[in-house]
>>> print(open('work.cif').read())   # mmCIF, C-alpha atoms
data_entry
loop_
_atom_site.label_atom_id
_atom_site.label_comp_id
_atom_site.auth_asym_id
_atom_site.auth_seq_id
_atom_site.Cartn_x
_atom_site.Cartn_y
_atom_site.Cartn_z
CA MET E 2 -12.81 -10.97 -16.90
CA ALA E 3 -10.86 -13.56 -14.93
CA THR E 4 -7.45 -15.17 -14.62
CA LEU E 5 -7.29 -18.86 -15.53
CA TYR E 6 -4.75 -20.75 -13.40
CA VAL E 7 -3.71 -24.20 -14.61
CA THR E 8 -1.87 -26.21 -11.95
CA GLU E 9 -2.66 -29.81 -12.92
CA GLN E 10 0.69 -31.41 -13.78
CA GLY E 11 0.76 -33.26 -17.10
CA SER E 12 -2.33 -31.51 -18.44
CA GLU E 13 -2.66 -29.68 -21.76
CA ILE E 14 -4.56 -26.58 -22.81
CA SER E 15 -6.28 -26.67 -26.18
CA CYS E 16 -8.99 -24.70 -27.94
CA ASN E 17 -12.45 -25.97 -28.84
CA GLY E 18 -14.40 -23.30 -30.69
CA GLU E 19 -14.74 -20.34 -28.34
CA ARG E 20 -13.63 -22.23 -25.25
CA LEU E 21 -10.27 -23.09 -23.71
CA VAL E 22 -10.19 -26.72 -22.64
CA VAL E 23 -7.83 -28.32 -20.12
CA GLN E 24 -7.31 -32.07 -20.57
CA ARG E 25 -5.27 -34.74 -18.89
CA ASP E 26 -4.87 -38.28 -20.26
CA GLY E 27 -7.60 -37.56 -22.77
CA ALA E 28 -10.18 -36.52 -20.16
CA VAL E 29 -11.49 -32.95 -19.86
CA ILE E 30 -10.81 -31.59 -16.38
CA GLY E 31 -11.91 -28.01 -17.00
CA SER E 32 -12.96 -25.45 -19.58
CA ALA E 33 -13.79 -21.76 -19.83
CA PRO E 34 -15.13 -19.40 -22.51
CA LEU E 35 -12.39 -17.31 -24.13
CA ILE E 36 -14.44 -14.16 -23.86
CA LYS E 37 -14.31 -14.34 -20.05
CA ILE E 38 -10.54 -14.91 -19.77
CA GLU E 39 -8.23 -11.94 -19.25
CA ASP E 40 -5.01 -13.90 -18.79
CA VAL E 41 -3.71 -17.42 -18.19
CA VAL E 42 -1.15 -18.53 -15.59
CA ILE E 43 0.51 -21.90 -16.21
CA ILE E 44 2.24 -23.46 -13.20
CA GLY E 45 4.64 -26.33 -13.85
CA ASN E 46 4.44 -29.04 -16.50
CA VAL E 47 1.41 -27.98 -18.55
CA GLY E 48 1.20 -28.15 -22.34
CA LEU E 49 -0.25 -25.46 -24.62
CA SER E 50 -1.33 -26.30 -28.16
CA THR E 51 -0.41 -24.10 -31.14
CA PRO E 52 -4.07 -23.35 -32.04
CA ALA E 53 -4.68 -22.28 -28.44
CA ILE E 54 -1.63 -19.99 -28.57
CA LYS E 55 -2.95 -18.31 -31.71
CA ARG E 56 -6.42 -17.84 -30.30
CA LEU E 57 -5.04 -16.39 -27.07
CA LEU E 58 -2.87 -13.92 -28.98
CA ASP E 59 -5.80 -12.97 -31.22
CA ASN E 60 -7.89 -12.23 -28.13
CA GLY E 61 -5.15 -10.25 -26.37
CA VAL E 62 -4.84 -12.84 -23.60
CA THR E 63 -1.43 -12.95 -21.91
CA VAL E 64 0.04 -16.28 -20.79
CA THR E 65 2.44 -16.34 -17.82
CA PHE E 66 4.66 -19.36 -17.17
CA LEU E 67 5.74 -20.28 -13.62
CA THR E 68 7.78 -23.28 -12.53
CA VAL E 69 6.15 -25.92 -10.35
CA HIS E 70 7.82 -24.10 -7.42
CA GLY E 71 6.13 -20.82 -8.38
CA ARG E 72 9.21 -19.13 -9.88
CA TYR E 73 8.53 -16.76 -12.78
CA GLN E 74 9.82 -17.98 -16.17
CA GLY E 75 8.33 -15.69 -18.79
CA ARG E 76 5.25 -14.39 -20.60
CA LEU E 77 3.57 -14.86 -23.94
CA VAL E 78 2.17 -11.52 -25.08
CA GLY E 79 0.75 -10.03 -28.26
CA SER E 80 1.80 -6.81 -29.97
CA VAL E 81 3.65 -4.25 -27.84
CA SER E 82 1.84 -1.11 -26.68
CA ALA E 83 2.14 1.85 -29.03
CA HIS E 84 2.65 4.43 -26.26
CA ALA E 85 6.03 5.60 -27.57
CA ALA E 86 5.77 9.06 -25.98
CA LEU E 87 5.26 7.58 -22.50
CA ARG E 88 8.22 5.24 -22.92
CA ALA E 89 10.41 8.09 -24.15
CA ALA E 90 9.48 10.11 -21.05
CA GLN E 91 10.13 7.07 -18.87
CA TYR E 92 13.67 6.76 -20.27
CA ARG E 93 14.37 10.49 -19.85
CA ARG E 94 13.22 10.42 -16.23
CA ALA E 95 15.50 7.45 -15.52
CA ASP E 96 18.47 9.61 -16.53
CA ASP E 97 17.46 12.26 -13.97
CA ARG E 98 19.03 10.95 -10.75
CA SER E 99 17.29 13.45 -8.47
CA TRP E 100 13.85 12.72 -9.91
CA SER E 101 14.45 8.98 -9.85
CA LEU E 102 15.58 9.06 -6.22
CA HIS E 103 12.51 11.05 -5.18
CA LEU E 104 10.24 8.53 -6.90
CA ALA E 105 12.09 5.59 -5.35
CA GLN E 106 11.61 7.22 -1.95
CA ARG E 107 7.85 7.33 -2.57
CA PHE E 108 7.80 3.62 -3.33
CA VAL E 109 9.71 2.78 -0.16
CA GLU E 110 7.67 5.15 2.00
CA GLY E 111 4.45 3.60 0.74
CA LYS E 112 5.71 0.10 1.44
CA LEU E 113 6.82 0.91 4.99
CA ARG E 114 3.60 2.75 5.85
CA ASN E 115 1.62 -0.27 4.72
CA CYS E 116 3.94 -2.62 6.61
CA ARG E 117 3.22 -0.63 9.75
CA ALA E 118 -0.52 -0.68 9.04
CA VAL E 119 -0.52 -4.48 8.60
CA LEU E 120 1.27 -5.03 11.91
CA ARG E 121 -1.05 -2.70 13.81
CA ARG E 122 -4.19 -4.09 12.17
CA PHE E 123 -3.38 -7.68 13.06
CA ALA E 124 -2.22 -6.73 16.55
CA ARG E 125 -5.49 -4.88 17.21
CA ASN E 126 -7.51 -7.92 16.20
CA ARG E 127 -5.89 -10.16 18.81
CA ALA E 128 -7.34 -10.58 22.28
CA SER E 129 -3.80 -10.07 23.54
CA ALA E 130 -1.73 -8.01 21.11
CA PRO E 131 1.76 -9.51 20.53
CA ALA E 132 4.28 -7.10 22.01
CA ASP E 133 6.85 -7.89 19.29
CA ALA E 134 4.41 -6.91 16.54
CA GLU E 135 3.48 -3.64 18.24
CA GLN E 136 7.12 -2.78 18.91
CA ALA E 137 8.08 -3.51 15.30
CA ALA E 138 5.26 -1.22 14.10
CA ASP E 139 6.54 1.56 16.36
CA ASP E 140 10.11 1.01 15.15
CA LEU E 141 9.02 1.47 11.55
CA ASP E 142 8.22 5.11 12.36
CA ARG E 143 11.92 5.95 12.57
CA PHE E 144 12.68 4.18 9.32
CA ILE E 145 9.88 6.10 7.58
CA GLU E 146 11.37 9.35 8.88
CA ARG E 147 14.76 8.40 7.43
CA VAL E 148 13.47 7.73 3.91
CA PRO E 149 13.25 11.36 2.67
CA ARG E 150 16.68 12.11 4.18
CA THR E 151 18.48 9.58 1.98
CA THR E 152 20.65 11.15 -0.70
CA THR E 153 21.58 8.09 -2.78
CA LEU E 154 19.75 5.03 -4.01
CA ASN E 155 22.16 2.78 -2.09
CA ALA E 156 21.37 4.60 1.15
CA LEU E 157 17.65 4.28 0.45
CA MET E 158 18.00 0.55 -0.22
CA GLY E 159 19.88 0.22 3.06
CA VAL E 160 17.02 1.85 4.98
CA GLU E 161 14.47 -0.30 3.15
CA GLY E 162 16.39 -3.49 3.88
CA SER E 163 16.77 -2.76 7.59
CA ALA E 164 13.13 -1.71 7.91
CA THR E 165 11.92 -4.83 6.11
CA ALA E 166 13.94 -7.08 8.41
CA ARG E 167 12.40 -5.35 11.43
CA TYR E 168 8.94 -5.66 9.91
CA PHE E 169 9.22 -9.41 9.38
CA ALA E 170 10.35 -9.79 12.98
CA GLY E 171 6.93 -8.37 13.82
CA VAL E 172 5.20 -10.63 11.31
CA ARG E 173 6.84 -13.61 13.03
CA ALA E 174 4.92 -12.75 16.20
CA LEU E 175 1.63 -12.90 14.26
CA ILE E 176 2.13 -16.44 12.95
CA GLY E 177 1.90 -19.53 15.13
CA PRO E 178 5.22 -21.01 16.30
CA GLU E 179 4.38 -24.33 14.63
CA TRP E 180 5.14 -22.68 11.28
CA ARG E 181 8.78 -22.14 12.37
CA PHE E 182 9.07 -18.79 10.60
CA GLU E 183 12.14 -16.83 11.73
CA ALA E 184 12.97 -14.28 9.02
CA ARG E 185 12.32 -13.41 5.40
CA ILE E 186 14.69 -15.41 3.18
CA ARG E 187 14.14 -15.38 -0.57
CA ARG E 188 16.34 -17.82 -2.47
CA PRO E 189 15.49 -20.53 -1.91
CA PRO E 190 12.67 -20.12 0.64
CA PRO E 191 13.78 -22.36 3.55
CA ASP E 192 10.38 -22.79 5.23
CA ARG E 193 6.65 -22.87 4.55
CA VAL E 194 5.91 -19.22 5.25
CA ASN E 195 8.76 -18.02 3.05
CA ALA E 196 7.56 -20.33 0.28
CA LEU E 197 4.06 -18.82 0.49
CA LEU E 198 5.45 -15.28 0.51
CA SER E 199 7.58 -15.94 -2.57
CA PHE E 200 4.67 -17.57 -4.40
CA GLY E 201 2.38 -14.67 -3.51
CA TYR E 202 4.89 -12.07 -4.67
CA THR E 203 5.25 -13.91 -7.98
CA LEU E 204 1.48 -13.82 -8.49
CA LEU E 205 1.44 -10.10 -7.64
CA VAL E 206 4.27 -9.34 -10.08
CA HIS E 207 2.29 -11.16 -12.76
CA LYS E 208 -0.70 -8.88 -12.11
CA MET E 209 1.40 -5.74 -12.12
CA LEU E 210 3.25 -6.73 -15.28
CA GLY E 211 -0.03 -6.84 -17.14
CA VAL E 212 -1.05 -3.45 -15.72
CA VAL E 213 2.31 -1.84 -16.57
CA GLU E 214 2.26 -3.13 -20.13
CA ALA E 215 -1.36 -2.06 -20.63
CA THR E 216 -0.49 1.45 -19.39
CA GLY E 217 2.28 1.66 -21.99
CA PHE E 218 5.44 1.51 -19.89
CA ASP E 219 8.58 -0.47 -20.53
CA PRO E 220 8.28 -2.89 -17.59
CA TYR E 221 12.03 -3.55 -17.51
CA LEU E 222 13.13 0.02 -16.71
CA GLY E 223 12.60 0.86 -13.05
CA TYR E 224 13.63 3.56 -10.59
CA LEU E 225 13.98 1.78 -7.25
CA HIS E 226 14.93 -1.56 -8.79
CA GLN E 227 17.70 -0.88 -11.25
CA VAL E 228 18.01 -2.38 -14.71
CA ASP E 229 18.94 -6.06 -14.68
CA TYR E 230 18.60 -8.32 -17.70
CA GLY E 231 15.22 -10.05 -17.72
CA ARG E 232 13.98 -8.42 -14.51
CA PRO E 233 10.68 -6.45 -14.73
CA SER E 234 12.07 -3.64 -12.58
CA LEU E 235 9.20 -1.18 -12.95
CA ALA E 236 6.63 -3.83 -12.03
CA LEU E 237 8.73 -4.63 -8.96
CA ASP E 238 8.82 -0.90 -8.09
CA LEU E 239 5.06 -0.60 -8.22
CA ILE E 240 4.28 -3.69 -6.17
CA GLU E 241 6.37 -2.51 -3.22
CA GLU E 242 3.52 -0.62 -1.56
CA PHE E 243 1.14 -3.54 -2.24
CA ARG E 244 3.29 -6.39 -0.92
CA PRO E 245 2.25 -5.98 2.74
CA ILE E 246 -1.47 -5.49 2.17
CA LEU E 247 -2.01 -8.03 -0.63
CA VAL E 248 0.48 -10.81 0.05
CA ASP E 249 1.88 -10.58 3.58
CA SER E 250 -1.54 -10.08 5.17
CA LEU E 251 -2.94 -12.94 3.07
CA VAL E 252 -0.16 -15.31 4.16
CA ILE E 253 -0.75 -14.42 7.81
CA ARG E 254 -4.46 -15.12 7.44
CA CYS E 255 -4.00 -18.36 5.51
CA CYS E 256 -1.56 -19.72 8.09
CA ASN E 257 -3.80 -18.78 11.00
CA ASP E 258 -7.27 -19.68 9.71
CA GLY E 259 -6.45 -23.10 8.25
CA ARG E 260 -6.84 -22.32 4.56
CA ILE E 261 -3.23 -23.47 4.19
CA ALA E 262 -2.11 -26.25 6.54
CA PHE E 263 1.34 -27.25 7.68
CA ASP E 264 0.83 -30.61 5.97
CA ASP E 265 0.18 -28.98 2.58
CA PHE E 266 3.96 -28.86 2.21
CA THR E 267 6.56 -31.54 1.61
CA GLU E 268 10.06 -31.15 3.02
CA THR E 269 12.90 -31.96 0.60
CA PRO E 270 16.14 -31.40 2.55
CA ASP E 271 18.31 -32.62 -0.31
CA GLY E 272 16.54 -30.68 -3.08
CA ALA E 273 17.06 -27.23 -4.56
CA TYR E 274 13.82 -26.17 -2.83
CA PRO E 275 13.67 -27.19 0.86
CA VAL E 276 9.85 -27.15 0.97
CA LEU E 277 7.26 -27.75 -1.73
CA LEU E 278 3.61 -26.67 -1.68
CA SER E 279 1.20 -29.35 -2.91
CA ASP E 280 -0.93 -28.84 -6.01
CA GLU E 281 -4.05 -28.67 -3.85
CA GLY E 282 -2.34 -26.14 -1.59
CA LYS E 283 -1.48 -24.03 -4.64
CA ARG E 284 -5.10 -24.10 -5.79
CA ARG E 285 -6.37 -22.94 -2.41
CA PHE E 286 -3.77 -20.20 -2.13
CA VAL E 287 -4.45 -18.97 -5.66
CA ALA E 288 -8.18 -18.86 -4.89
CA ALA E 289 -7.47 -16.85 -1.73
CA PHE E 290 -5.17 -14.51 -3.68
CA GLU E 291 -7.81 -13.85 -6.34
CA GLU E 292 -10.38 -13.21 -3.63
CA ARG E 293 -8.00 -10.70 -2.08
CA MET E 294 -7.50 -8.94 -5.43
CA ARG E 295 -11.29 -8.54 -5.74
CA THR E 296 -11.59 -7.02 -2.25
CA GLU E 297 -12.47 -3.32 -2.36
CA ALA E 298 -10.52 -0.48 -0.82
CA THR E 299 -10.84 3.29 -0.92
CA HIS E 300 -8.54 4.87 -3.51
CA PRO E 301 -8.09 8.66 -3.99
CA ASP E 302 -8.93 8.28 -7.70
CA GLY E 303 -11.45 5.48 -7.27
CA ALA E 304 -14.55 7.41 -8.30
CA ASP E 305 -13.62 9.33 -11.48
CA GLY E 306 -10.81 11.28 -9.85
CA ARG E 307 -12.41 11.40 -6.40
CA PRO E 308 -12.02 9.03 -3.45
CA GLY E 309 -14.07 5.90 -3.91
CA LYS E 310 -14.06 2.15 -3.39
CA VAL E 311 -12.57 -0.07 -6.07
CA SER E 312 -11.01 -3.53 -6.14
CA TYR E 313 -7.34 -3.91 -5.27
CA LEU E 314 -6.75 -5.00 -8.87
CA ARG E 315 -8.15 -1.65 -9.98
CA CYS E 316 -5.89 0.06 -7.43
CA LEU E 317 -2.87 -1.40 -9.24
CA ALA E 318 -4.05 0.14 -12.50
CA LEU E 319 -4.79 3.52 -10.89
CA GLN E 320 -1.29 3.66 -9.40
CA ALA E 321 0.28 2.84 -12.77
CA ARG E 322 -1.76 5.60 -14.41
CA GLN E 323 -0.74 8.04 -11.69
CA LEU E 324 2.89 7.15 -12.36
CA ALA E 325 2.35 7.72 -16.09
CA ARG E 326 1.09 11.24 -15.36
CA ALA E 327 4.06 11.94 -13.08
CA VAL E 328 6.58 10.66 -15.63
CA GLN E 329 5.08 12.98 -18.24
CA GLY E 330 5.32 16.08 -16.06
CA GLY E 331 2.16 15.82 -13.97
CA PRO E 332 1.82 15.86 -10.16
CA ASN E 333 4.29 13.90 -8.05
CA TYR E 334 3.55 10.22 -7.55
CA GLN E 335 1.75 9.45 -4.29
CA PRO E 336 1.94 5.86 -2.99
CA PHE E 337 -1.22 3.98 -2.10
CA ALA E 338 -1.54 3.62 1.66
CA VAL E 339 -4.03 1.94 3.98
CA ARG E 340 -4.77 2.62 7.63
#
>>> encode(input="work.cif", output="structure tokens")
Amino acid sequence: MATLYVTEQGSEISCNGERLVVQRDGAVIGSAPLIKIEDVVIIGNVGLSTPAIKRLLDNGVTVTFLTVHGRYQGRLVGSVSAHAALRAAQYRRADDRSWSLHLAQRFVEGKLRNCRAVLRRFARNRASAPADAEQAADDLDRFIERVPRTTTLNALMGVEGSATARYFAGVRALIGPEWRFEARIRRPPPDRVNALLSFGYTLLVHKMLGVVEATGFDPYLGYLHQVDYGRPSLALDLIEEFRPILVDSLVIRCCNDGRIAFDDFTETPDGAYPVLLSDEGKRRFVAAFEERMRTEATHPDGADGRPGKVSYLRCLALQARQLARAVQGGPNYQPFAVR
């Protein structure tokens, strides 16, 4: 099963028998059998016919809508999961401040451990390891030690914010100076690297949303990310430990190996978005992201409850299932960490 990304502006998705067809100006530019499609991601100005909508819903295929800039807009989904008992437990746990704080600490600890691993991995692979990256990795040790000592969610968010800023100072040393990356800035991304990071995180949230809904959770009730109207807080919680290894590392590689070039972006100083990634650049980055999601890693539950290699996409599902067990009274949640 695969994700179908449609990035061609002005195109329209229709249905022809058992195939989805993408057309522009009356000409077919792509098609795929419905049976092989798990979900569809529409980026920008792309039409979707009513018959296609019905067929997608009948086949349990989710459609995610992103703006041309890669900002999440919404999802088209079928019937809601019937896991009422899990959702009831999820709501009860959210009312337990001590339990919620402990879980939020696990999310942050997992993220920071993986941030440290990314910095050290890239530094080791250089002929001359950047001192700033190595120092940032060492500095993350003290932030990791502070995480379990936090007593409020605000204090934990403060530690996470400071640690993340230090981490991206190390990431800066791993990306060529021609990219002009200084710090992580979200809204709007002021430079090419920030634009790629934001786009990658949006794609990752889309993957985790599907996993969270399939597991039976309410994706809008989180523990680290608090309730905010329209924000998939639980999906954002669960991607924290995966951000460094699935998106940050991919952006570093794409910027350094030429898969994404400086000229793939257009600068728009007077626009709402200072830099725009070209359609061709989006296609290459999406292809690299999907390749990354198929990469295998060792997960503690990867081989029927024992350590084994599975794709990163499967790792997302295994972490969501582990959280479901924890929410319902099972063992404490353990974040996924790489070395």
>>> atom_distance(input="work.cif", atom1="CA of Glu110 in chain E", atom2="CA of Ser129 in chain E")
28.8 Å
>>> residues_around(input="work.cif", residues="Phe182 in chain E", least_positions_apart="5", cutoff="12 Å", atoms="only C-alpha atoms", output="PyMOL selection string")
chain E and resi 169-177+190-198+252-253+256+263
>>> write_last_selection(input="work.cif", atoms="C-alpha atoms", output="CSV table (one decimal), keeping the file's coordinate frame")
chain,number,residue,atom,x,y,z
E,169,PHE,CA,9.2,-9.4,9.4
E,170,ALA,CA,10.4,-9.8,13.0
E,171,GLY,CA,6.9,-8.4,13.8
E,172,VAL,CA,5.2,-10.6,11.3
E,173,ARG,CA,6.8,-13.6,13.0
E,174,ALA,CA,4.9,-12.8,16.2
E,175,LEU,CA,1.6,-12.9,14.3
E,176,ILE,CA,2.1,-16.4,13.0
E,177,GLY,CA,1.9,-19.5,15.1
E,190,PRO,CA,12.7,-20.1,0.6
E,191,PRO,CA,13.8,-22.4,3.6
E,192,ASP,CA,10.4,-22.8,5.2
E,193,ARG,CA,6.6,-22.9,4.6
E,194,VAL,CA,5.9,-19.2,5.2
E,195,ASN,CA,8.8,-18.0,3.0
E,196,ALA,CA,7.6,-20.3,0.3
E,197,LEU,CA,4.1,-18.8,0.5
E,198,LEU,CA,5.4,-15.3,0.5
E,252,VAL,CA,-0.2,-15.3,4.2
E,253,ILE,CA,-0.8,-14.4,7.8
E,256,CYS,CA,-1.6,-19.7,8.1
E,263,PHE,CA,1.3,-27.2,7.7
>>> resolve_selection(input="work.cif", expression="the PyMOL selection byres ((chain E and resi 20) around 8)", output="JSON, numbers by chain")
{"E": [16, 17, 18, 19, 21, 22, 32, 33, 34, 35]}
>>> atom_distance(input="work.cif", atom1="CA of Ser99 in chain E", atom2="CA of Thr153 in chain E")
8.9 Å
>>> resolve_selection(input="work.cif", expression="the PyMOL selection byres ((chain E and resi 274) around 9)", output="VMD selection string")
chain E and resid 70 188 to 191 268 to 273 275 to 277
>>> residues_around(input="work.cif", residues="Phe290 in chain E", least_positions_apart="2", cutoff="10 Å", atoms="all atoms listed in the file", output="JSON list (two decimals) with C-alpha atoms, in the frame of the given file")
[["chain", "number", "residue", "atom", "x", "y", "z"],
["E", 201, "GLY", "CA", 2.38, -14.67, -3.51],
["E", 204, "LEU", "CA", 1.48, -13.82, -8.49],
["E", 205, "LEU", "CA", 1.44, -10.10, -7.64],
["E", 247, "LEU", "CA", -2.01, -8.03, -0.63],
["E", 248, "VAL", "CA", 0.48, -10.81, 0.05],
["E", 251, "LEU", "CA", -2.94, -12.94, 3.07],
["E", 252, "VAL", "CA", -0.16, -15.31, 4.16],
["E", 284, "ARG", "CA", -5.10, -24.10, -5.79],
["E", 285, "ARG", "CA", -6.37, -22.94, -2.41],
["E", 286, "PHE", "CA", -3.77, -20.20, -2.13],
["E", 287, "VAL", "CA", -4.45, -18.97, -5.66],
["E", 288, "ALA", "CA", -8.18, -18.86, -4.89],
["E", 292, "GLU", "CA", -10.38, -13.21, -3.63],
["E", 293, "ARG", "CA", -8.00, -10.70, -2.08],
["E", 294, "MET", "CA", -7.50, -8.94, -5.43],
["E", 295, "ARG", "CA", -11.29, -8.54, -5.74],
["E", 296, "THR", "CA", -11.59, -7.02, -2.25]]
>>> resolve_selection(input="work.cif", expression="the PyMOL selection byres ((chain E and resi 234) around 12)", output="tab-separated table (two decimals) with C-alpha atoms, keeping the file's coordinate frame")
chain	number	residue	atom	x	y	z
E	95	ALA	CA	15.50	7.45	-15.52
E	105	ALA	CA	12.09	5.59	-5.35
E	206	VAL	CA	4.27	-9.34	-10.08
E	209	MET	CA	1.40	-5.74	-12.12
E	210	LEU	CA	3.25	-6.73	-15.28
E	213	VAL	CA	2.31	-1.84	-16.57
E	218	PHE	CA	5.44	1.51	-19.89
E	219	ASP	CA	8.58	-0.47	-20.53
E	220	PRO	CA	8.28	-2.89	-17.59
E	221	TYR	CA	12.03	-3.55	-17.51
E	222	LEU	CA	13.13	0.02	-16.71
E	223	GLY	CA	12.60	0.86	-13.05
E	224	TYR	CA	13.63	3.56	-10.59
E	225	LEU	CA	13.98	1.78	-7.25
E	226	HIS	CA	14.93	-1.56	-8.79
E	227	GLN	CA	17.70	-0.88	-11.25
E	228	VAL	CA	18.01	-2.38	-14.71
E	229	ASP	CA	18.94	-6.06	-14.68
E	230	TYR	CA	18.60	-8.32	-17.70
E	231	GLY	CA	15.22	-10.05	-17.72
E	232	ARG	CA	13.98	-8.42	-14.51
E	233	PRO	CA	10.68	-6.45	-14.73
E	235	LEU	CA	9.20	-1.18	-12.95
E	236	ALA	CA	6.63	-3.83	-12.03
E	237	LEU	CA	8.73	-4.63	-8.96
E	238	ASP	CA	8.82	-0.90	-8.09
E	239	LEU	CA	5.06	-0.60	-8.22
E	240	ILE	CA	4.28	-3.69	-6.17
E	241	GLU	CA	6.37	-2.51	-3.22
>>> closest_residue(input="work.cif", among="E:Thr267, E:Asn257, E:Val148, E:Ser50", to="Pro178 in chain E", atoms="all atoms listed in the file")
E:Asn257
>>> atom_distance(input="work.cif", atom1="CA of Ile38 in chain E", atom2="CA of Leu5 in chain E")
6.6 Å
>>> closest_residue(input="work.cif", among="E:Val328, E:Ala289, E:Asp96, E:Ala164", to="Asp258 in chain E", atoms="all atoms listed in the file")
E:Ala289
>>> closest_residue(input="work.cif", among="E:Ala89, E:Val160, E:Ala318, E:Leu154", to="Leu104 in chain E", atoms="only C-alpha atoms")
E:Leu154
>>> closest_residue(input="work.cif", among="E:Ile14, E:Val62, E:Arg181, E:Arg167", to="Ile30 in chain E", atoms="all atoms listed in the file")
E:Ile14
>>> residues_around(input="work.cif", residues="Ala124 in chain E", least_positions_apart="5", cutoff="9 Å", atoms="all atoms listed in the file", output="list in words")
Val119, Ser129, Ala130, Pro131, Ala132, Ala134, Glu135 and Leu175 of chain E
>>> closest_residue(input="work.cif", among="E:Val41, E:Val69, E:Ala338, E:Ile246", to="Gln320 in chain E", atoms="all atoms listed in the file")
E:Ala338
>>> closest_residue(input="work.cif", among="E:Lys208, E:Arg187, E:His103, E:Arg93", to="Val64 in chain E", atoms="all atoms listed in the file")
E:Lys208
>>> residues_around(input="work.cif", residues="Val78 in chain E", least_positions_apart="6", cutoff="12 Å", atoms="all atoms listed in the file", output="VMD selection string")
chain E and resid 39 to 41 54 to 66 210 to 211 214 to 215
>>> residues_around(input="work.cif", residues="Arg340 in chain E", least_positions_apart="5", cutoff="10 Å", atoms="all atoms listed in the file", output="CSV table (one decimal) with C-alpha atoms, in the coordinates of the input")
chain,number,residue,atom,x,y,z
E,114,ARG,CA,3.6,2.8,5.8
E,115,ASN,CA,1.6,-0.3,4.7
E,117,ARG,CA,3.2,-0.6,9.8
E,118,ALA,CA,-0.5,-0.7,9.0
E,119,VAL,CA,-0.5,-4.5,8.6
E,121,ARG,CA,-1.0,-2.7,13.8
E,122,ARG,CA,-4.2,-4.1,12.2
>>> axis_aligned_box(input="work.cif", around="range 236-243 of chain E", padding_each_side="6 Å", output="AutoDock Vina command-line options")
--center_x 5.0 --center_y -2.6 --center_z -6.8 --size_x 19.7 --size_y 16.0 --size_z 22.5
>>> decode(input="work.cif", residues="range 166-178 of chain E", atoms="N, CA and C atoms", output="compact mmCIF listing (two decimals), in the first residue's frame")
# COMPACT_ATOMS: atom_id res chain seq x y z
N ALA E 166 16.55 24.61 20.77
CA ALA E 166 17.34 25.72 20.23
C ALA E 166 18.82 25.36 20.18
N ARG E 167 19.30 24.69 21.22
CA ARG E 167 20.71 24.29 21.24
C ARG E 167 20.96 23.23 20.17
N TYR E 168 20.03 22.33 20.00
CA TYR E 168 20.16 21.28 18.99
C TYR E 168 20.28 21.88 17.59
N PHE E 169 19.42 22.83 17.26
CA PHE E 169 19.45 23.39 15.91
C PHE E 169 20.70 24.25 15.67
N ALA E 170 21.31 24.73 16.76
CA ALA E 170 22.61 25.39 16.60
C ALA E 170 23.64 24.37 16.12
N GLY E 171 23.50 23.12 16.59
CA GLY E 171 24.38 22.07 16.11
C GLY E 171 24.06 21.65 14.69
N VAL E 172 22.76 21.60 14.36
CA VAL E 172 22.35 21.26 13.00
C VAL E 172 22.92 22.28 12.01
N ARG E 173 22.93 23.53 12.40
CA ARG E 173 23.47 24.60 11.54
C ARG E 173 24.89 24.29 11.09
N ALA E 174 25.67 23.67 11.97
CA ALA E 174 27.06 23.35 11.63
C ALA E 174 27.17 22.20 10.64
N LEU E 175 26.07 21.46 10.45
CA LEU E 175 26.08 20.30 9.56
C LEU E 175 25.57 20.63 8.16
N ILE E 176 25.11 21.86 7.96
CA ILE E 176 24.56 22.28 6.68
C ILE E 176 25.45 23.38 6.12
N GLY E 177 25.72 23.31 4.84
CA GLY E 177 26.61 24.28 4.20
C GLY E 177 26.19 25.72 4.41
N PRO E 178 27.14 26.65 4.56
CA PRO E 178 26.81 28.04 4.83
C PRO E 178 26.00 28.70 3.71
